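One structure is given below, encoded as structure tokens.
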Amino acid sequence: MEIKSRKALFQSVRIFKLKVLGTVLILGIILLYFSLVPRFLENIAPFYGDEYFYVKNAESYALTGEYKAAFTYSGYGSKVGGFDAHGPAYTFLYGLFQAFDHWSPNFIFWINLALLLIGLGLLAILKEEKSIRIFQFCLIMGSPYTLFYGMSLMPELIHIAIAVGLYFAMKTWETKQSNISLGVILFLIILGGLFRVTWFFLLLPFGLNILTKKKAIGIILLITGLLLPILYQNLFLETVPNVFSIVGSELKDGQLQDGIYRLYYNTKRNIYFLITYSEGGFYWTWKIWLICTLIFSLVYQKTSSAFRISTYLFLIQFALTIILYKTYRWTEFRMLSPVALILNLQFLSFSGKRPYFLWVPILGLISFLWIIPFEIDTLEERKEHTLLPIPSNIQSELKTLSNSLVRVDSTVLNLYSLDQLPVVDTLGKSIKYILPYYELKEETASYYLEMDQDQLIVRSTKIRIQ
């Protein structure tokens with residue numbers, strides 16, 4: 001009896017220490033964010049290339065209600081709807097909000113933050129031990145993925161919210177096994193896929209998992225999981241030249257050997273970059289965290305059905321990243337982190353029975369601490385990043401052009417603040433722009449925005465330069 005009492009006392013003391021440690025970590029992380037957020041908001045403007053598309057297409061939709069993207073690579077946009085390469089979901093979400101006929105990039109930051117807080121709120125109401133929930137909160141807020149992209153106009157916080165929502169829904173489904181909880185999971189998968197097509201692939205392991213119990217639904221999910229990513233990518237996202245689209249074209253033209261060799265070469269190159277490419281110490285730690293997440297998931301996948309489903313999705317996305325995409329310049333960082341966070345939430349959930357599971361999330365926290373100086377430098381770069389302003393007379397001229405499609409010359413792309421380009425004309429109609437970052441077949445532009453004797457000019461395509 002005395003031995004049991006001592007064990008119970010030791011366990012309660014251990015849990016108390018973990019709660020104190022977790023609370024201290026949370027407070028430290030919150031203080032860090034409070035110190036960095038004002039610095040970001042002070043100089044909030046597009047910095048990375050993709051941010052211009054998120055900002056300007058949302059602004060266009062908010063002010064005109066027109067679905068077709070204002071910024072595209074080709075002028076055509078996607079086959080259905082004329083959306084940009086990121087799809088319609090971000091534009092609709094960010095463009096839903098405006099104040100007094102005005103739209104601001106600040107809306108993107110606050111929408112992302114609100115969705116992240118909703119995800120954290122779901123963790124707070126989960127039926128887990130308080131110490132586990134505290135460390136799950138630390139895992140999300142103390143992720144380098146959250147810190148880096150939280151201080152940007154990129155939409156990665158949306159994917160963290162989706163990841164947490166799926167974790168919450170799968171935990172609920174494991175407990176209740178109800179049709180409602182199953183429906184919630186399927187809804188979140190479809191919703192996530194509208195923002196990033198790789199979420200659709202979660203339908204595959206989910207279909208396999210329920211195939212024995214609900215054969216018809218399982219088969220439907222498997223077929224949908226295979227077809228939906230391809231259809232959505234092909235119809236609702238503007239095509240850009242990457243391995244996926246190039247191989248697809250080669251196979252369509254009967255060039256099977258060329259397509260197979262391209263996949264082989266891209267896989268070989270990505271394995272090389274996976275081993276060698278880095279942005280610093282935090283990047284290496286993050287890669288080790290990913291590999292450890294993969295190893296632990298494979299070893300303990302039978303712990304629960306949610307664990308197994310998440311592991312298979314991680315494997316699918318890992319394979320897609322290596323074979324079809326790239327493992328450098330942050331691509332693998334964005335592709336793999338959300339699913340890895342789902343698995344790490346699972347690790348923490350089972351850490352009471354398997355304390356060694358804690359070491360994997362701890363690696364993520366080490367990477368977080370390591371990225372702080374890098375993030376501070378990045379915020380300073382944002383502050384010092386100065387481009388030439390679009391002259392007011394050019395802005396006024398662009399607003400007078402009716403039903404216009406303007407091709408921005410490649411020399412202008414890196415010199416001027418593209419976020420200052422007006423997306424609404426004097427009649428309240430959307431102004432469209434071609435941003436030729438890629439060599440694509442372009443729609444015929446009605447005007448060119450280009451340089452002439454070191455001056456920015458708008459030239460009609462009907463006027464030839466001598």
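Residue numbering restarts at 1 for every chain of the structure tokens, chains are lettered A, B, ... in their displayed order, and ligands are numbered from 1 as they appear.
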Shell of 10 Å around Tyr232 of chain A, only C-alpha atoms, local chain residues under 4 positions omitted, as a list of chain:residue names
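In the requested form, the answer reads A:Val80, A:Gly87, A:Gly193, A:Leu194, A:Arg196, A:Val197, A:Phe200, A:Leu227, A:Leu228, A:Phe236, A:Leu237.
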Sorted by chain and rising residue number, which residues of segment 65-162 of chain A lie within 10 Å of segment 414-429 of chain A, and what are their closest atom pairs and distances in Å to one decimal, counting only C-alpha atoms, as a tab-separated table?
residue	atom	partner	partner_atom	distance
A:Gly65	CA	A:Lys429	CA	9.1
A:Glu66	CA	A:Lys429	CA	8.2
A:Ala69	CA	A:Val423	CA	9.9
A:Ala70	CA	A:Val423	CA	6.6
A:Phe71	CA	A:Val423	CA	8.9
A:Pro105	CA	A:Asp419	CA	9.7
Enumerate as a VMD selection string all residues of segment 299-333 of chain A assigned to alpha helix (DSSP H) by DSSP on the backbone, naming them with the chain letters and numbers the document uses.
chain A and resid 299 305 to 323 331 to 333
Any idea what's packed within 10 Å of Lys287 of chain A, counting only C-alpha atoms, ignoring anything in its chain fewer than 5 positions away? Could you give it as a list in words?
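Contacts, with the query itself left out: Leu274, Ile275, Ser278, Gly281, Phe282, Cys292, Thr293, Glu332, Phe333, Leu363, Gly364 and Ser367 of chain A.
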Keeping only C-alpha atoms, write the selected residues to a file as a CSV table (one decimal), in the first residue's frame.
chain,number,residue,atom,x,y,z
A,274,LEU,CA,17.4,16.5,-48.9
A,275,ILE,CA,20.8,15.5,-47.6
A,278,SER,CA,20.1,23.9,-45.6
A,281,GLY,CA,21.2,25.1,-38.1
A,282,PHE,CA,17.5,25.3,-37.5
A,292,CYS,CA,12.4,11.1,-36.5
A,293,THR,CA,8.7,11.8,-37.0
A,332,GLU,CA,9.5,20.5,-48.3
A,333,PHE,CA,9.2,22.8,-45.2
A,363,LEU,CA,13.5,18.4,-31.5
A,364,GLY,CA,10.9,20.7,-33.0
A,367,SER,CA,14.6,24.1,-34.2
Surrounding residues of segment 111-117 of chain A excluding itself and chain neighbours under 3 positions, 10 Å, only C-alpha atoms, as a short mmCIF file (atom, residue, chain, number, x, y, z; two decimals) with N, CA and C atoms, in the first residue's frame:
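This went into part_18.cif:
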data_model
loop_
_atom_site.label_atom_id
_atom_site.label_comp_id
_atom_site.auth_asym_id
_atom_site.auth_seq_id
_atom_site.Cartn_x
_atom_site.Cartn_y
_atom_site.Cartn_z
N LEU A 93 -11.28 33.47 -49.33
CA LEU A 93 -11.17 33.66 -47.88
C LEU A 93 -10.67 35.05 -47.53
N TYR A 94 -9.54 35.42 -48.11
CA TYR A 94 -8.94 36.73 -47.78
C TYR A 94 -9.73 37.89 -48.36
N PHE A 97 -13.30 39.95 -46.65
CA PHE A 97 -13.29 41.03 -45.67
C PHE A 97 -12.76 42.32 -46.29
N ASN A 106 -3.19 43.67 -44.03
CA ASN A 106 -3.37 43.31 -42.62
C ASN A 106 -4.46 42.26 -42.44
N PHE A 107 -5.46 42.28 -43.33
CA PHE A 107 -6.54 41.31 -43.21
C PHE A 107 -6.02 39.88 -43.31
N ILE A 108 -5.02 39.66 -44.18
CA ILE A 108 -4.45 38.31 -44.33
C ILE A 108 -3.83 37.86 -43.01
N LEU A 120 -6.04 26.19 -31.86
CA LEU A 120 -5.56 26.06 -30.48
C LEU A 120 -6.73 25.89 -29.51
N GLY A 121 -7.85 26.52 -29.84
CA GLY A 121 -9.04 26.37 -29.01
C GLY A 121 -9.55 24.93 -29.02
N LEU A 122 -9.44 24.27 -30.17
CA LEU A 122 -9.83 22.86 -30.25
C LEU A 122 -8.96 21.99 -29.35
N LEU A 123 -7.66 22.29 -29.31
CA LEU A 123 -6.78 21.54 -28.42
C LEU A 123 -7.18 21.73 -26.96
N ILE A 140 2.60 23.48 -31.18
CA ILE A 140 2.10 24.30 -32.29
C ILE A 140 2.72 25.69 -32.28
N MET A 141 2.65 26.36 -31.16
CA MET A 141 3.18 27.71 -31.09
C MET A 141 4.71 27.73 -31.11
N THR A 146 5.41 27.64 -37.59
CA THR A 146 4.45 28.65 -37.13
C THR A 146 5.10 30.02 -37.04
N TYR A 149 6.28 31.44 -40.80
CA TYR A 149 5.20 31.83 -41.70
C TYR A 149 4.14 32.68 -41.01
N GLY A 150 4.14 32.68 -39.67
CA GLY A 150 3.23 33.58 -38.96
C GLY A 150 3.61 35.03 -39.15
N SER A 152 4.49 36.50 -41.88
CA SER A 152 4.50 36.69 -43.33
C SER A 152 3.06 36.80 -43.81
N LEU A 153 2.92 37.00 -45.12
CA LEU A 153 1.60 37.02 -45.73
C LEU A 153 1.32 35.71 -46.48
N MET A 154 2.10 34.70 -46.14
CA MET A 154 1.87 33.35 -46.68
C MET A 154 0.75 32.69 -45.86
N PRO A 155 0.06 31.71 -46.45
CA PRO A 155 -1.14 31.14 -45.80
C PRO A 155 -0.89 29.90 -44.96
N GLU A 156 0.36 29.68 -44.51
CA GLU A 156 0.67 28.40 -43.86
C GLU A 156 -0.05 28.19 -42.53
N LEU A 157 -0.43 29.27 -41.84
CA LEU A 157 -1.17 29.10 -40.60
C LEU A 157 -2.53 28.45 -40.85
N ILE A 158 -3.07 28.65 -42.05
CA ILE A 158 -4.32 27.97 -42.42
C ILE A 158 -4.12 26.46 -42.37
N HIS A 159 -2.98 26.00 -42.85
CA HIS A 159 -2.72 24.56 -42.89
C HIS A 159 -2.44 23.99 -41.50
N ILE A 160 -1.90 24.83 -40.63
CA ILE A 160 -1.76 24.39 -39.23
C ILE A 160 -3.15 24.22 -38.62
N ALA A 161 -4.04 25.17 -38.88
CA ALA A 161 -5.41 25.07 -38.35
C ALA A 161 -6.11 23.83 -38.91
N ILE A 162 -5.91 23.55 -40.21
CA ILE A 162 -6.50 22.35 -40.80
C ILE A 162 -5.93 21.09 -40.15
N VAL A 164 -4.64 20.74 -37.10
CA VAL A 164 -5.17 20.60 -35.74
C VAL A 164 -6.63 20.16 -35.79
#
Leaving out segment 298-306 of chain A and any residue of its chain fewer than 4 positions from it, which residues lie within 12 Å of it when counting only C-alpha atoms, given as a PyMOL selection string?
chain A and resi 166-175+177+182+185+202+205-210+291-294+310-315+339+342-343+345-347+349-351+353-354+357
Could you write those residues out with C-alpha atoms, as a short mmCIF file (atom, residue, chain, number, x, y, z; two decimals), in the first residue's frame?
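Wrote again_5.cif, looks like this:
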data_model
loop_
_atom_site.label_atom_id
_atom_site.label_comp_id
_atom_site.auth_asym_id
_atom_site.auth_seq_id
_atom_site.Cartn_x
_atom_site.Cartn_y
_atom_site.Cartn_z
CA LEU A 166 -8.12 16.95 -38.47
CA TYR A 167 -6.31 15.73 -35.36
CA PHE A 168 -9.27 16.81 -33.21
CA ALA A 169 -11.79 15.21 -35.59
CA MET A 170 -9.87 11.92 -35.84
CA LYS A 171 -9.52 11.68 -32.05
CA THR A 172 -13.28 12.24 -31.75
CA TRP A 173 -14.00 9.68 -34.48
CA GLU A 174 -11.83 7.06 -32.73
CA THR A 175 -13.87 7.52 -29.58
CA GLN A 177 -17.14 5.98 -34.42
CA LEU A 182 -16.76 10.69 -40.07
CA ILE A 185 -13.31 14.45 -41.11
CA LEU A 202 -5.77 11.82 -47.01
CA PRO A 205 -5.45 6.01 -46.24
CA PHE A 206 -8.82 6.90 -44.75
CA GLY A 207 -10.58 4.83 -47.43
CA LEU A 208 -8.25 1.91 -46.79
CA ASN A 209 -8.88 2.11 -43.06
CA ILE A 210 -12.67 1.82 -43.33
CA ILE A 291 13.00 12.00 -40.21
CA CYS A 292 12.42 11.08 -36.55
CA THR A 293 8.71 11.76 -36.99
CA LEU A 294 8.67 9.41 -39.98
CA SER A 310 -1.68 10.15 -40.54
CA THR A 311 1.46 8.04 -41.08
CA TYR A 312 0.28 6.92 -44.52
CA LEU A 313 -0.54 10.52 -45.50
CA PHE A 314 2.94 11.57 -44.36
CA LEU A 315 4.46 8.83 -46.52
CA VAL A 339 1.16 16.44 -41.39
CA ILE A 342 -0.55 15.97 -36.65
CA LEU A 343 1.75 13.03 -35.88
CA LEU A 345 0.25 15.81 -31.54
CA GLN A 346 -0.34 12.05 -31.52
CA PHE A 347 3.10 11.47 -29.93
CA SER A 349 -1.16 12.22 -26.66
CA PHE A 350 0.56 8.85 -26.03
CA SER A 351 3.54 10.29 -24.10
CA LYS A 353 2.40 5.65 -21.64
CA ARG A 354 5.51 6.15 -23.79
CA PHE A 357 7.69 10.05 -27.53
#
When you look at Phe201 of chain A with a cut-off of 8 Å (counting only C-alpha atoms), what residues show up, excluding the ones that are within fewer than 6 positions of it in the same chain? I need them as a CSV table (one decimal) with C-alpha atoms, in the first residue's frame.
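Once everything was written out, this is selection.csv:
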chain,number,residue,atom,x,y,z
A,225,GLY,CA,-8.6,10.3,-53.4
A,226,LEU,CA,-7.0,9.4,-56.7
A,229,PRO,CA,-6.2,16.0,-56.7
A,313,LEU,CA,-0.5,10.5,-45.5
A,316,ILE,CA,2.4,9.9,-49.5
Selection near Tyr328 of chain A, 12 Å with only C-alpha atoms, sequence-local residues under 4 positions removed, as a compact mmCIF listing (two decimals) with N, CA and C atoms, in the first residue's frame:
# COMPACT_ATOMS: atom_id res chain seq x y z
N ARG A 269 17.87 14.03 -57.74
CA ARG A 269 18.29 15.39 -57.34
C ARG A 269 17.70 15.77 -55.99
N ASN A 270 16.43 15.43 -55.76
CA ASN A 270 15.78 15.80 -54.50
C ASN A 270 16.37 15.04 -53.31
N ILE A 271 16.77 13.80 -53.52
CA ILE A 271 17.43 13.06 -52.44
C ILE A 271 18.75 13.73 -52.08
N TYR A 272 19.46 14.18 -53.11
CA TYR A 272 20.73 14.89 -52.89
C TYR A 272 20.49 16.18 -52.08
N PHE A 273 19.49 16.95 -52.49
CA PHE A 273 19.20 18.21 -51.77
C PHE A 273 18.67 17.95 -50.36
N LEU A 274 17.92 16.87 -50.20
CA LEU A 274 17.41 16.52 -48.87
C LEU A 274 18.56 16.31 -47.89
N ILE A 275 19.66 15.75 -48.41
CA ILE A 275 20.82 15.46 -47.57
C ILE A 275 21.73 16.67 -47.41
N THR A 276 21.76 17.55 -48.42
CA THR A 276 22.77 18.61 -48.43
C THR A 276 22.24 20.03 -48.25
N TYR A 277 21.00 20.31 -48.70
CA TYR A 277 20.50 21.69 -48.70
C TYR A 277 20.09 22.14 -47.31
N SER A 278 20.47 23.35 -46.94
CA SER A 278 20.08 23.89 -45.63
C SER A 278 20.07 25.41 -45.67
N GLU A 279 19.27 25.99 -44.79
CA GLU A 279 19.25 27.43 -44.58
C GLU A 279 19.92 27.80 -43.27
N TYR A 283 17.38 24.59 -39.84
CA TYR A 283 16.88 23.80 -40.97
C TYR A 283 17.30 22.34 -40.83
N TRP A 284 18.57 22.12 -40.40
CA TRP A 284 19.03 20.76 -40.18
C TRP A 284 18.25 20.09 -39.05
N LYS A 287 14.93 19.11 -40.27
CA LYS A 287 14.98 17.91 -41.11
C LYS A 287 15.11 16.64 -40.25
N THR A 321 6.79 14.84 -52.56
CA THR A 321 7.78 15.91 -52.46
C THR A 321 9.08 15.51 -53.16
N ILE A 322 9.50 14.27 -52.96
CA ILE A 322 10.77 13.81 -53.54
C ILE A 322 10.63 13.53 -55.04
N GLU A 332 9.82 21.64 -49.14
CA GLU A 332 9.54 20.51 -48.26
C GLU A 332 9.12 20.97 -46.87
N PHE A 333 9.59 22.16 -46.48
CA PHE A 333 9.20 22.76 -45.19
C PHE A 333 7.69 22.97 -45.15
N ARG A 334 7.14 23.51 -46.26
CA ARG A 334 5.71 23.78 -46.33
C ARG A 334 4.90 22.51 -46.56
N MET A 335 5.42 21.62 -47.39
CA MET A 335 4.67 20.42 -47.76
C MET A 335 4.48 19.45 -46.60
Using DSSP on the backbone coordinates, identify the residues of segment 284-413 of chain A assigned to strand (DSSP E); present them as an MDAnalysis selection string.
chainID A and resid 405:408
Nearest residue to Ile189 of chain A from the set A:Gly22, A:Gly259, A:Gly248, A:Gly165 (distances using only C-alpha atoms)
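Of A:Gly22, A:Gly259, A:Gly248, A:Gly165, the one nearest Ile189 of chain A is A:Gly165, counting only C-alpha atoms.
One finds atom CA of Leu379 of chain A at 25.5 Å from atom CA of Gly119 of chain A.
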